[in-house]
>>> print(open('run-v8.cif').read())   # mmCIF, C-alpha atoms and all ligand atoms
data_structure
#
loop_
_atom_site.label_atom_id
_atom_site.label_comp_id
_atom_site.auth_asym_id
_atom_site.auth_seq_id
_atom_site.Cartn_x
_atom_site.Cartn_y
_atom_site.Cartn_z
CA MET D 1 27.56 17.92 10.60
CA ARG D 2 31.05 18.61 9.26
CA THR D 3 33.43 20.50 11.51
CA TRP D 4 36.75 22.10 10.76
CA GLU D 5 39.78 23.11 12.76
CA VAL D 6 40.76 25.89 10.40
CA ILE D 7 38.79 28.07 7.97
CA ILE D 8 40.77 29.85 5.26
CA ILE D 9 39.16 32.84 3.57
CA GLY D 10 40.25 32.97 -0.08
CA GLY D 11 41.31 30.26 -2.50
CA GLY D 12 44.25 31.98 -4.22
CA ILE D 13 47.74 30.48 -4.22
CA ILE D 14 48.34 31.68 -0.64
CA GLY D 15 45.15 30.17 0.81
CA LEU D 16 45.59 26.92 -1.13
CA SER D 17 49.27 26.46 -0.19
CA LEU D 18 48.51 27.10 3.46
CA ALA D 19 45.54 24.73 3.41
CA LEU D 20 47.82 21.99 2.08
CA ALA D 21 50.50 22.68 4.71
CA LEU D 22 47.90 22.50 7.51
CA ARG D 23 46.29 19.37 6.08
CA LYS D 24 49.68 17.67 6.06
CA ARG D 25 49.74 18.31 9.82
CA GLY D 26 46.45 16.43 10.05
CA MET D 27 44.13 19.44 10.41
CA ARG D 28 40.62 19.55 8.95
CA VAL D 29 40.52 22.60 6.68
CA LEU D 30 37.76 24.50 4.89
CA ILE D 31 38.46 27.12 2.23
CA VAL D 32 35.67 29.67 1.73
CA GLU D 33 36.10 31.34 -1.67
CA ARG D 34 33.98 34.20 -2.96
CA GLY D 35 34.21 33.30 -6.65
CA GLU D 36 36.05 30.48 -8.36
CA PRO D 37 39.26 29.41 -6.58
CA GLY D 38 42.49 30.65 -8.14
CA ARG D 39 40.98 33.23 -10.47
CA GLU D 40 42.24 36.52 -9.06
CA ALA D 41 45.83 37.77 -8.67
CA SER D 42 47.18 34.23 -8.74
CA TYR D 43 45.61 33.77 -12.19
CA ALA D 44 47.00 37.06 -13.48
CA ALA D 45 50.62 36.65 -12.40
CA ALA D 46 53.62 36.24 -14.67
CA GLY D 47 55.25 33.62 -12.46
CA MET D 48 58.76 34.93 -11.92
CA ILE D 49 60.42 33.38 -8.88
CA ALA D 50 62.56 36.48 -8.44
CA ASP D 51 64.16 36.45 -5.00
CA PHE D 52 66.34 39.39 -5.95
CA ALA D 53 64.97 42.65 -7.27
CA PRO D 54 65.93 46.20 -6.44
CA GLU D 55 62.35 46.82 -5.35
CA LEU D 56 62.15 43.85 -2.95
CA PRO D 57 62.15 45.26 0.62
CA PRO D 58 65.40 44.17 2.38
CA LEU D 59 63.35 42.89 5.34
CA LEU D 60 61.65 40.43 2.99
CA LEU D 61 64.85 39.01 1.50
CA PRO D 62 65.38 36.11 3.95
CA LEU D 63 61.83 34.84 3.34
CA ALA D 64 62.12 35.43 -0.41
CA ILE D 65 65.40 33.52 -0.68
CA ALA D 66 64.09 30.65 1.45
CA SER D 67 60.91 30.44 -0.63
CA ALA D 68 62.79 30.38 -3.95
CA ARG D 69 64.89 27.49 -2.59
CA MET D 70 61.74 25.60 -1.62
CA TYR D 71 60.25 25.82 -5.11
CA PRO D 72 61.47 22.59 -6.74
CA GLU D 73 60.16 20.51 -3.81
CA PHE D 74 56.94 22.55 -3.61
CA VAL D 75 56.28 22.00 -7.32
CA HIS D 76 57.31 18.35 -7.19
CA GLU D 77 54.71 17.64 -4.50
CA LEU D 78 51.96 19.55 -6.30
CA GLN D 79 52.68 17.86 -9.62
CA ASP D 80 52.83 14.50 -7.92
CA GLU D 81 49.50 14.92 -6.12
CA SER D 82 47.65 16.55 -9.00
CA GLY D 83 49.12 14.77 -11.99
CA MET D 84 49.49 18.21 -13.62
CA ASN D 85 52.53 19.98 -15.04
CA VAL D 86 53.14 23.53 -13.82
CA ASP D 87 55.95 24.47 -16.24
CA LEU D 88 58.70 25.14 -13.72
CA ARG D 89 61.61 26.47 -15.77
CA ASP D 90 65.11 27.16 -14.57
CA ASN D 91 66.88 28.73 -17.53
CA GLY D 92 67.58 31.86 -15.51
CA THR D 93 66.93 35.54 -16.02
CA LEU D 94 68.68 38.27 -17.97
CA LEU D 95 68.35 41.60 -16.18
CA LEU D 96 68.94 44.68 -18.28
CA SER D 97 70.24 47.84 -16.68
CA ALA D 98 70.45 51.25 -18.35
CA HIS D 99 73.49 52.57 -16.52
CA ALA D 100 75.85 49.73 -15.84
CA ALA D 101 75.56 48.14 -12.40
CA SER D 102 74.38 51.27 -10.65
CA GLY D 103 71.40 51.79 -12.97
CA LEU D 104 69.02 49.59 -11.02
CA GLY D 105 70.59 50.49 -7.71
CA TRP D 106 72.97 47.53 -7.71
CA LYS D 107 76.31 48.15 -6.07
CA SER D 108 79.20 45.87 -6.97
CA GLU D 109 79.01 44.30 -3.50
CA SER D 110 75.33 43.47 -3.77
CA GLU D 111 76.03 42.28 -7.29
CA THR D 112 78.05 39.37 -5.93
CA GLN D 113 75.74 38.78 -2.96
CA SER D 114 72.70 38.65 -5.19
CA GLY D 115 74.24 36.21 -7.64
CA LEU D 116 74.27 38.63 -10.57
CA GLU D 117 76.82 37.87 -13.25
CA PHE D 118 77.74 40.45 -15.86
CA VAL D 119 77.13 39.17 -19.39
CA SER D 120 79.07 40.68 -22.28
CA PRO D 121 77.11 41.78 -25.38
CA GLU D 122 78.75 38.93 -27.33
CA ALA D 123 77.59 36.40 -24.76
CA VAL D 124 74.08 37.93 -24.76
CA ALA D 125 73.97 37.50 -28.53
CA LYS D 126 74.66 33.79 -28.05
CA LEU D 127 72.25 33.34 -25.13
CA GLU D 128 69.34 35.26 -26.67
CA PRO D 129 70.04 36.05 -30.34
CA GLU D 130 66.82 38.10 -30.75
CA LEU D 131 67.40 40.36 -27.73
CA LYS D 132 68.58 43.92 -28.42
CA LEU D 133 70.54 45.54 -25.63
CA ASN D 134 69.86 49.14 -26.80
CA GLU D 135 72.56 50.78 -24.62
CA HIS D 136 71.76 48.47 -21.72
CA VAL D 137 74.11 46.15 -19.94
CA ALA D 138 72.99 42.65 -19.08
CA PHE D 139 73.34 40.53 -15.98
CA PHE D 140 72.49 36.89 -15.62
CA ARG D 141 70.89 35.48 -12.51
CA LYS D 142 69.87 31.92 -11.71
CA GLU D 143 66.13 32.21 -11.24
CA ARG D 144 63.14 30.04 -11.95
CA SER D 145 59.72 30.75 -13.37
CA VAL D 146 56.44 28.88 -13.18
CA ASP D 147 53.02 29.07 -14.84
CA PRO D 148 50.88 30.45 -11.97
CA ARG D 149 47.61 29.31 -13.56
CA ALA D 150 48.87 25.76 -13.80
CA LEU D 151 50.37 26.03 -10.32
CA THR D 152 47.08 27.16 -8.81
CA ALA D 153 45.10 24.55 -10.73
CA ALA D 154 47.49 21.88 -9.42
CA ALA D 155 47.09 23.22 -5.87
CA ILE D 156 43.28 23.02 -6.20
CA GLN D 157 43.55 19.44 -7.44
CA ALA D 158 45.98 18.53 -4.64
CA ALA D 159 43.63 20.13 -2.09
CA LYS D 160 40.75 17.98 -3.36
CA HIS D 161 42.97 14.92 -3.31
CA ARG D 162 43.84 15.64 0.34
CA GLU D 163 40.18 16.13 1.26
CA ILE D 164 40.37 19.83 1.94
CA ASP D 165 36.83 21.21 1.71
CA ILE D 166 36.26 24.15 -0.64
CA VAL D 167 33.00 26.11 -0.77
CA SER D 168 32.75 28.77 -3.43
CA GLY D 169 30.29 31.34 -4.70
CA ASN D 170 29.63 33.48 -1.64
CA PRO D 171 31.94 36.07 -0.08
CA VAL D 172 32.81 36.02 3.58
CA GLU D 173 31.08 39.11 4.94
CA GLY D 174 32.62 38.99 8.37
CA VAL D 175 34.74 37.07 10.80
CA VAL D 176 32.64 35.94 13.76
CA ILE D 177 34.09 36.79 17.16
CA SER D 178 32.69 35.46 20.43
CA ALA D 179 34.09 36.43 23.83
CA GLY D 180 37.16 38.01 22.26
CA ARG D 181 38.07 34.91 20.21
CA VAL D 182 37.33 33.97 16.65
CA SER D 183 34.60 31.33 16.22
CA GLY D 184 34.08 31.21 12.45
CA VAL D 185 33.00 33.22 9.41
CA SER D 186 29.71 34.39 8.03
CA THR D 187 28.83 34.71 4.34
CA GLY D 188 25.49 36.40 4.87
CA LYS D 189 23.75 33.23 3.63
CA THR D 190 25.36 30.85 6.07
CA ALA D 191 27.97 30.57 8.79
CA TYR D 192 30.90 28.19 9.21
CA SER D 193 32.49 27.48 12.59
CA ALA D 194 36.10 26.84 13.50
CA PRO D 195 38.41 27.93 16.31
CA VAL D 196 40.96 29.26 13.79
CA VAL D 197 40.33 31.55 10.81
CA VAL D 198 43.01 32.69 8.38
CA ASN D 199 42.34 35.64 6.10
CA CYS D 200 44.02 34.91 2.74
CA ALA D 201 41.72 37.15 0.69
CA GLY D 202 44.50 38.90 -1.24
CA ALA D 203 43.74 42.51 -2.19
CA TRP D 204 40.37 42.23 -0.42
CA ALA D 205 41.76 40.97 2.91
CA GLY D 206 41.67 44.36 4.63
CA SER D 207 38.02 44.99 3.83
CA ILE D 208 36.61 41.95 5.62
CA PRO D 209 35.27 43.05 9.05
CA PRO D 210 36.67 43.47 11.68
CA CYS D 211 39.24 45.11 9.31
CA GLN D 212 42.29 45.07 11.58
CA PHE D 213 44.90 45.58 8.84
CA PRO D 214 44.84 47.57 5.58
CA THR D 215 45.45 46.12 2.11
CA ARG D 216 45.06 47.91 -1.21
CA PRO D 217 44.71 46.66 -4.78
CA VAL D 218 47.53 47.46 -7.20
CA LYS D 219 46.37 46.80 -10.74
CA GLY D 220 48.60 45.04 -13.22
CA GLN D 221 47.81 44.77 -16.93
CA ILE D 222 49.72 42.03 -18.71
CA LEU D 223 49.50 40.14 -22.00
CA ALA D 224 50.67 37.03 -23.77
CA VAL D 225 51.85 36.78 -27.36
CA ILE D 226 52.29 33.70 -29.53
CA GLY D 227 54.00 32.89 -32.79
CA ALA D 228 57.25 34.69 -31.94
CA PRO D 229 60.77 33.33 -31.93
CA VAL D 230 61.20 31.45 -28.70
CA LEU D 231 63.04 33.10 -25.81
CA ARG D 232 64.89 30.81 -23.41
CA HIS D 233 65.34 33.20 -20.50
CA VAL D 234 63.12 35.50 -18.54
CA VAL D 235 64.19 39.03 -19.51
CA ARG D 236 63.63 41.87 -17.08
CA GLY D 237 64.11 45.32 -18.59
CA GLY D 238 63.34 48.79 -17.31
CA GLU D 239 59.93 49.10 -18.99
CA VAL D 240 58.67 45.54 -19.21
CA TYR D 241 59.59 41.97 -18.45
CA LEU D 242 59.26 38.99 -20.79
CA VAL D 243 58.47 35.57 -19.38
CA PRO D 244 58.59 32.64 -21.82
CA ARG D 245 56.48 29.53 -21.33
CA THR D 246 57.45 26.14 -22.66
CA ASP D 247 54.36 26.06 -24.94
CA GLY D 248 55.74 29.05 -26.89
CA ARG D 249 53.73 31.86 -25.25
CA ILE D 250 55.66 34.89 -24.07
CA LEU D 251 54.16 37.00 -21.32
CA VAL D 252 54.77 40.73 -21.42
CA GLY D 253 54.11 42.63 -18.21
CA ALA D 254 53.07 44.54 -16.39
CA THR D 255 51.66 47.87 -15.30
CA LEU D 256 51.58 49.06 -11.69
CA GLU D 257 48.41 51.11 -11.26
CA ASP D 258 46.48 52.62 -8.42
CA ALA D 259 43.03 52.06 -9.93
CA GLY D 260 40.96 50.65 -7.08
CA TYR D 261 39.26 47.37 -7.89
CA ASP D 262 39.05 48.12 -11.63
CA LYS D 263 40.29 45.16 -13.70
CA ARG D 264 39.57 46.52 -17.17
CA VAL D 265 42.13 46.00 -19.90
CA GLU D 266 42.89 49.18 -21.87
CA PRO D 267 43.88 48.82 -25.55
CA ASP D 268 46.37 51.72 -25.42
CA VAL D 269 48.13 50.15 -22.43
CA VAL D 270 48.29 46.80 -24.21
CA GLN D 271 49.79 48.55 -27.23
CA ARG D 272 52.36 50.32 -25.05
CA LEU D 273 53.42 47.04 -23.42
CA GLN D 274 53.71 45.39 -26.83
CA GLN D 275 55.76 48.30 -28.17
CA SER D 276 58.18 48.15 -25.22
CA ALA D 277 58.55 44.41 -25.75
CA ILE D 278 59.31 44.94 -29.46
CA GLU D 279 62.01 47.47 -28.53
CA MET D 280 63.69 44.72 -26.51
CA VAL D 281 63.04 41.89 -28.97
CA PRO D 282 62.28 43.32 -32.44
CA ALA D 283 61.27 39.87 -33.73
CA LEU D 284 58.20 40.13 -31.47
CA ARG D 285 56.76 42.31 -34.25
CA MET D 286 55.83 39.00 -35.88
CA ALA D 287 54.01 37.77 -32.79
CA THR D 288 50.24 37.74 -32.39
CA LEU D 289 48.49 39.01 -29.33
CA HIS D 290 47.13 35.89 -27.65
CA LYS D 291 45.37 37.47 -24.68
CA ALA D 292 45.55 40.48 -22.38
CA TRP D 293 44.23 40.59 -18.83
CA ALA D 294 44.55 42.44 -15.54
CA GLY D 295 44.86 41.41 -11.91
CA LEU D 296 44.93 43.08 -8.53
CA ARG D 297 48.05 42.63 -6.44
CA PRO D 298 47.51 42.73 -2.68
CA GLY D 299 49.52 45.81 -1.67
CA THR D 300 50.32 47.22 1.77
CA ALA D 301 51.47 50.66 2.90
CA ASP D 302 55.00 49.52 3.80
CA GLY D 303 55.47 47.05 0.96
CA LEU D 304 55.69 44.08 3.33
CA PRO D 305 53.23 41.19 3.52
CA ILE D 306 51.01 40.68 6.56
CA LEU D 307 51.70 37.36 8.23
CA GLY D 308 50.69 36.22 11.68
CA GLU D 309 48.02 36.37 14.37
CA THR D 310 45.93 39.47 14.92
CA SER D 311 45.01 40.78 18.38
CA THR D 312 41.86 38.61 18.19
CA GLY D 313 42.73 35.13 19.42
CA GLY D 314 42.54 32.51 16.67
CA TYR D 315 42.28 35.08 13.87
CA PHE D 316 45.30 35.03 11.54
CA VAL D 317 46.19 36.73 8.29
CA ALA D 318 48.41 35.83 5.32
CA SER D 319 48.06 38.55 2.73
CA GLY D 320 49.72 41.63 1.25
CA HIS D 321 52.18 39.69 -0.93
CA TYR D 322 52.04 42.45 -3.54
CA ARG D 323 54.29 41.53 -6.52
CA ASP D 324 55.70 38.39 -4.94
CA GLY D 325 52.88 36.08 -3.89
CA ILE D 326 53.82 33.33 -6.33
CA LEU D 327 57.43 33.47 -5.14
CA LEU D 328 56.40 33.62 -1.47
CA ALA D 329 53.69 30.92 -1.46
CA PRO D 330 55.87 28.03 -0.18
CA ILE D 331 57.47 29.96 2.68
CA THR D 332 54.17 31.62 3.61
CA ALA D 333 52.52 28.22 3.92
CA LYS D 334 55.42 26.96 6.01
CA VAL D 335 55.71 29.85 8.46
CA MET D 336 51.95 30.33 8.82
CA ALA D 337 51.46 26.62 9.54
CA GLN D 338 54.20 26.92 12.19
CA VAL D 339 52.52 29.97 13.74
CA ILE D 340 49.04 28.41 13.71
CA CYS D 341 50.22 25.08 15.12
CA GLY D 342 52.35 26.77 17.80
CA GLU D 343 55.57 25.25 16.45
CA LYS D 344 59.04 26.71 16.82
CA LEU D 345 59.43 29.53 14.28
CA GLU D 346 62.33 29.44 11.84
CA TYR D 347 62.03 33.15 11.01
CA ASP D 348 61.48 36.32 12.97
CA LEU D 349 58.10 37.51 11.72
CA SER D 350 57.82 40.67 13.83
CA ALA D 351 58.35 43.00 10.83
CA VAL D 352 55.44 41.41 8.94
CA SER D 353 53.06 40.99 11.89
CA PRO D 354 49.51 42.36 11.52
CA LEU D 355 49.98 43.94 14.94
CA ARG D 356 52.19 46.64 13.36
CA PHE D 357 49.03 48.36 12.09
CA GLU D 358 47.19 48.16 15.39
CA GLU D 359 50.24 49.52 17.24
CA LYS D 360 50.37 52.45 14.81
CA GLN D 361 46.68 53.20 15.40
CA LEU D 362 47.19 53.14 19.18
CA ALA D 363 50.18 55.48 18.89
CA MET D 364 48.14 57.90 16.74
CA GLY D 365 45.06 57.68 18.96
C1 LIG U 401 50.05 41.31 -13.48
C2 LIG U 401 50.62 40.62 -12.28
C3 LIG U 401 51.85 39.98 -12.38
C4 LIG U 401 52.39 39.32 -11.27
N1 LIG U 401 53.57 38.66 -11.41
C5 LIG U 401 54.10 38.00 -10.35
C6 LIG U 401 55.31 37.27 -10.49
O1 LIG U 401 55.89 37.20 -11.58
N2 LIG U 401 55.81 36.64 -9.39
C7 LIG U 401 55.19 36.69 -8.16
O2 LIG U 401 55.71 36.12 -7.20
N3 LIG U 401 54.02 37.36 -8.02
C8 LIG U 401 53.47 38.02 -9.07
N4 LIG U 401 52.30 38.72 -8.93
C9 LIG U 401 51.72 38.84 -7.59
C10 LIG U 401 50.90 37.61 -7.22
O3 LIG U 401 49.99 37.33 -8.26
C11 LIG U 401 50.13 37.85 -5.92
O4 LIG U 401 50.98 38.35 -4.91
C12 LIG U 401 49.52 36.54 -5.42
O5 LIG U 401 48.79 35.92 -6.46
C13 LIG U 401 48.62 36.79 -4.22
O6 LIG U 401 47.96 35.57 -3.93
P1 LIG U 401 46.71 35.56 -2.96
O7 LIG U 401 46.29 34.15 -2.83
O8 LIG U 401 47.06 36.34 -1.72
O9 LIG U 401 45.63 36.47 -3.70
P2 LIG U 401 44.56 36.09 -4.83
O10 LIG U 401 45.13 35.18 -5.84
O11 LIG U 401 43.98 37.38 -5.30
O12 LIG U 401 43.50 35.26 -4.02
C14 LIG U 401 42.64 35.85 -3.07
C15 LIG U 401 41.34 35.09 -3.13
O13 LIG U 401 40.48 35.57 -2.09
C16 LIG U 401 39.17 35.59 -2.60
N5 LIG U 401 38.36 36.51 -1.80
C17 LIG U 401 38.45 37.86 -1.74
N6 LIG U 401 37.55 38.35 -0.88
C18 LIG U 401 36.88 37.29 -0.37
C19 LIG U 401 35.82 37.16 0.56
N7 LIG U 401 35.27 38.22 1.15
N8 LIG U 401 35.36 35.91 0.84
C20 LIG U 401 35.89 34.82 0.25
N9 LIG U 401 36.91 34.88 -0.65
C21 LIG U 401 37.40 36.10 -0.95
C22 LIG U 401 39.34 36.05 -4.04
O14 LIG U 401 38.21 35.74 -4.83
C23 LIG U 401 40.59 35.30 -4.44
O15 LIG U 401 40.32 34.06 -5.05
C24 LIG U 401 51.71 39.34 -10.03
C25 LIG U 401 50.46 39.94 -9.93
C26 LIG U 401 49.91 40.57 -11.05
C27 LIG U 401 48.56 41.21 -10.94
#
>>> encode(input="run-v8.cif", output="structure tokens")
Amino acid sequence: MRTWEVIIIGGGIIGLSLALALRKRGMRVLIVERGEPGREASYAAAGMIADFAPELPPLLLPLAIASARMYPEFVHELQDESGMNVDLRDNGTLLLSAHAASGLGWKSESETQSGLEFVSPEAVAKLEPELKLNEHVAFFRKERSVDPRALTAAAIQAAKHREIDIVSGNPVEGVVISAGRVSGVSTGKTAYSAPVVVNCAGAWAGSIPPCQFPTRPVKGQILAVIGAPVLRHVVRGGEVYLVPRTDGRILVGATLEDAGYDKRVEPDVVQRLQQSAIEMVPALRMATLHKAWAGLRPGTADGLPILGETSTGGYFVASGHYRDGILLAPITAKVMAQVICGEKLEYDLSAVSPLRFEEKQLAMG
């Protein structure tokens, strides 16, 4: 009978990256995935490695910056082990702001700290000839992007290569707890045993009993166009962002919707996204809609991820990465492997601990 030291619930980019980090430490790992690995939020994402954004919670910045720095090595290893290309691009991002530097909440001080460089309209015309500024000012920032579908596919391949077990097709219905400690998971059809369980179930993480932390789905509709003049940079505007891929596709995203677990794509929303993209790059009028899809970001009430051990011994969580799970995958894998293996922690994780929800409940009760 096969035995495992760690069971990971959920085969998205977070579960896969963590499985690889634990396997490298010699642990026997099983991933239990409800559907097909890598087909939920990690499949829907645009792939911006944006470690600066006005909406990124300040408490998350140290982890975000560290993770962005880890990306080239993270990708190198995955490409090496999988033989796949994940389209890591480092042409940088043009951020458009409606009201000079203050428009997106950037103060001149944070402008320098965050690596933003003002770009004159003449320079923008040279960098991205098809981009229309429409009263906006532009800033350049060194940022990377990746193709999250290729990244996740490479992580699945690398996991197989490293003999990480993956079972798919049945949801985990509950985490099994014996004498106050975790002892495995149950899918209803069968049970798997391990002394450590990590909940990496994305937007669904909070609904797996014993439900010790809340997560909520935040829907994002997004599309890809083809046949347009090629953009070199990621462009982030007020309404939409544009993320070019090396194969010529340009992604246009994304909505932020409170729609429960609904993943339907609405034609009027797709049209609105396309229209906003055309306002930024009029030549996109010539582009053809390649595909539109929707995904569910794992959101939390305070906008921070949930990383660490719960009050049940051996039961850990790595979820709630909201809009930044692709960016945060390498650092999540690193810090969670450190926590699980009892290693010295490089970062103070108290702000992202799952215990913050239990403490709140106690205070209210
Ligand atoms: C439109 C859109 C654009 C985005 N753009 C970016 C971006 O540019 N940059 C960025 O950094 N992030 C972006 N994100 C966010 C990013 O996609 C997520 O934060 C990240 O993918 C979360 O990864 P995950 O592994 O936690 O979740 P998921 O990829 O959703 O994986 C969770 C897995 O758990 C499985 N699961 C759920 N319940 C169970 C169960 N009971 N039993 C077993 N398995 C279960 C699911 O089937 C799924 O495979 C975007 C998201 C969306 C929707």
>>> atom_distance(input="run-v8.cif", atom1="CA of Ser42 (chain D)", atom2="atom O8 of ligand LIG 401 (chain U)")
7.3 Å
>>> residues_around(input="run-v8.cif", residues="Ala294 (chain D)", least_positions_apart="2", cutoff="7 Å", atoms="only C-alpha atoms", output="list in words")
Ala44, Lys219, Gly220, Gln221, Ile222, Lys263, Arg264 and Val265 of chain D
>>> closest_residue(input="run-v8.cif", among="D:Leu63, D:Val86, D:Ala98, D:Ile49", to="ligand LIG 401 (chain U)", atoms="all atoms listed in the file")
D:Ile49
>>> residues_around(input="run-v8.cif", residues="Val339 (chain D)", least_positions_apart="4", cutoff="12 Å", atoms="only C-alpha atoms", output="short mmCIF file (atom, residue, chain, number, x, y, z; two decimals) with C-alpha atoms, in the frame of the given file")
data_model
loop_
_atom_site.label_atom_id
_atom_site.label_comp_id
_atom_site.auth_asym_id
_atom_site.auth_seq_id
_atom_site.Cartn_x
_atom_site.Cartn_y
_atom_site.Cartn_z
CA LEU D 18 48.51 27.10 3.46
CA ALA D 21 50.50 22.68 4.71
CA LEU D 22 47.90 22.50 7.51
CA VAL D 196 40.96 29.26 13.79
CA VAL D 198 43.01 32.69 8.38
CA LEU D 307 51.70 37.36 8.23
CA GLY D 308 50.69 36.22 11.68
CA GLU D 309 48.02 36.37 14.37
CA THR D 310 45.93 39.47 14.92
CA GLY D 314 42.54 32.51 16.67
CA TYR D 315 42.28 35.08 13.87
CA PHE D 316 45.30 35.03 11.54
CA VAL D 317 46.19 36.73 8.29
CA ALA D 318 48.41 35.83 5.32
CA THR D 332 54.17 31.62 3.61
CA ALA D 333 52.52 28.22 3.92
CA LYS D 334 55.42 26.96 6.01
CA VAL D 335 55.71 29.85 8.46
CA GLU D 343 55.57 25.25 16.45
CA LYS D 344 59.04 26.71 16.82
CA LEU D 345 59.43 29.53 14.28
CA GLU D 346 62.33 29.44 11.84
CA TYR D 347 62.03 33.15 11.01
CA ASP D 348 61.48 36.32 12.97
CA LEU D 349 58.10 37.51 11.72
CA SER D 350 57.82 40.67 13.83
CA SER D 353 53.06 40.99 11.89
#
>>> closest_residue(input="run-v8.cif", among="D:Val235, D:Ile8, D:Ala64, D:Val252", to="Ser193 (chain D)", atoms="all atoms listed in the file")
D:Ile8
>>> closest_residue(input="run-v8.cif", among="D:Ile13, D:Leu304, D:Ala287, D:Ile7", to="ligand LIG 401 (chain U)", atoms="all atoms listed in the file")
D:Ile13
>>> atom_distance(input="run-v8.cif", atom1="atom O12 of ligand LIG 401 (chain U)", atom2="CA of Thr215 (chain D)")
12.6 Å
